[in-house]
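Trainee: This is query_6.pdb (PDB, C-alpha atoms).
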MODEL        1
ATOM      1  CA  MET A   1      76.907  99.059  27.528  1.00  0.00           C
ATOM      2  CA  ILE A   2      77.517  97.632  30.992  1.00  0.00           C
ATOM      3  CA  GLU A   3      73.852  98.140  31.838  1.00  0.00           C
ATOM      4  CA  LEU A   4      72.803  96.263  28.701  1.00  0.00           C
ATOM      5  CA  LEU A   5      75.013  93.305  29.582  1.00  0.00           C
ATOM      6  CA  SER A   6      73.761  93.385  33.151  1.00  0.00           C
ATOM      7  CA  ASP A   7      70.129  93.381  32.008  1.00  0.00           C
ATOM      8  CA  LEU A   8      70.791  90.579  29.545  1.00  0.00           C
ATOM      9  CA  TRP A   9      72.450  88.455  32.239  1.00  0.00           C
ATOM     10  CA  ALA A  10      69.577  89.142  34.653  1.00  0.00           C
ATOM     11  CA  TYR A  11      67.063  88.110  31.991  1.00  0.00           C
ATOM     12  CA  MET A  12      68.914  84.868  31.253  1.00  0.00           C
ATOM     13  CA  ARG A  13      69.140  84.003  34.967  1.00  0.00           C
ATOM     14  CA  ALA A  14      65.488  84.838  35.690  1.00  0.00           C
ATOM     15  CA  ARG A  15      64.101  82.915  32.714  1.00  0.00           C
ATOM     16  CA  LYS A  16      66.558  79.976  33.049  1.00  0.00           C
ATOM     17  CA  LYS A  17      67.955  80.698  29.601  1.00  0.00           C
ATOM     18  CA  LEU A  18      71.624  80.272  30.478  1.00  0.00           C
ATOM     19  CA  TRP A  19      72.110  78.178  27.355  1.00  0.00           C
ATOM     20  CA  LEU A  20      71.933  81.467  25.421  1.00  0.00           C
ATOM     21  CA  ALA A  21      75.292  82.641  26.816  1.00  0.00           C
ATOM     22  CA  PRO A  22      77.480  80.348  24.638  1.00  0.00           C
ATOM     23  CA  VAL A  23      75.324  81.103  21.598  1.00  0.00           C
ATOM     24  CA  LEU A  24      75.727  84.849  22.097  1.00  0.00           C
ATOM     25  CA  PHE A  25      79.453  84.444  22.725  1.00  0.00           C
ATOM     26  CA  LEU A  26      79.836  82.468  19.494  1.00  0.00           C
ATOM     27  CA  LEU A  27      77.922  85.071  17.487  1.00  0.00           C
ATOM     28  CA  VAL A  28      80.041  87.903  18.891  1.00  0.00           C
ATOM     29  CA  ALA A  29      83.261  85.961  18.243  1.00  0.00           C
ATOM     30  CA  LEU A  30      82.312  85.214  14.631  1.00  0.00           C
ATOM     31  CA  GLY A  31      81.295  88.828  14.067  1.00  0.00           C
ATOM     32  CA  ALA A  32      84.606  90.058  15.476  1.00  0.00           C
ATOM     33  CA  LEU A  33      86.498  87.575  13.301  1.00  0.00           C
ATOM     34  CA  VAL A  34      84.803  88.851  10.159  1.00  0.00           C
ATOM     35  CA  VAL A  35      85.359  92.513  11.088  1.00  0.00           C
ATOM     36  CA  PHE A  36      89.030  92.124  12.030  1.00  0.00           C
ATOM     37  CA  ALA A  37      89.881  89.898   9.071  1.00  0.00           C
ATOM     38  CA  GLU A  38      88.231  92.157   6.533  1.00  0.00           C
ATOM     39  CA  GLY A  39      91.375  94.016   5.595  1.00  0.00           C
ATOM     40  CA  SER A  40      94.009  91.463   6.453  1.00  0.00           C
ATOM     41  CA  ALA A  41      95.959  88.896   4.478  1.00  0.00           C
ATOM     42  CA  ILE A  42      94.118  85.986   6.092  1.00  0.00           C
ATOM     43  CA  ALA A  43      90.725  87.095   4.775  1.00  0.00           C
ATOM     44  CA  PRO A  44      90.633  84.548   1.903  1.00  0.00           C
ATOM     45  CA  PHE A  45      91.217  81.709   4.351  1.00  0.00           C
ATOM     46  CA  ILE A  46      88.490  82.872   6.710  1.00  0.00           C
ATOM     47  CA  TYR A  47      85.947  83.306   3.919  1.00  0.00           C
ATOM     48  CA  THR A  48      86.395  79.661   2.919  1.00  0.00           C
ATOM     49  CA  LEU A  49      85.003  78.685   6.341  1.00  0.00           C
ATOM     50  CA  PHE A  50      81.650  80.195   5.411  1.00  0.00           C
TER      51      PHE A  50
ENDMDL
END
Would you mind writing the file's structure down as structure tokens?

Mentor:
Amino acid sequence: MIELLSDLWAYMRARKKLWLAPVLFLLVALGALVVFAEGSAIAPFIYTLF
């Protein structure tokens, strides 16, 4: 996993694609929000965002 992140960072630096970092962070954060809220009491409130 560390090697994957290292390779991804090296790719973004070499190709000047640093704008991808916030996009990837946002996608991971939204995915984590959906996974963690799946079985909780706040799930109905989160689903209204989408």

Trainee: State, in Å with one decimal place, the distance from CA of Trp9 in chain A to CA of Leu33 in chain A.

Mentor: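 A separation of 23.6 Å between them.
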
Trainee: CA of Ala43 in chain A and CA of Ala21 in chain A are how many Å apart?

Mentor: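 Separating CA of Ala43 in chain A from CA of Ala21 in chain A is a distance of 27.3 Å.
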
Trainee: So how far away is CA of Ala29 in chain A from CA of Ser6 in chain A, in Å?

Mentor: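 Between CA of Ser6 in chain A and CA of Ala29 in chain A the gap is 19.2 Å.
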
Trainee: A:Leu49, A:Leu20, A:Leu8, A:Ile2: which is nearest Val34 in chain A, counting all atoms listed in the file?

Mentor: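 Among the listed residues, A:Leu49 lies closest to Val34 in chain A.
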
Trainee: Taking all atoms of range 23-36 of chain A that the file lists and extending 4 Å past them on each side, where is the centre of the axis-aligned box and how long are its edges? Answer in Å to one decimal, as lines of an AutoDock Vina configuration file.

Mentor:
center_x = 82.2
center_y = 86.8
center_z = 16.4
size_x = 21.7
size_y = 19.4
size_z = 20.6
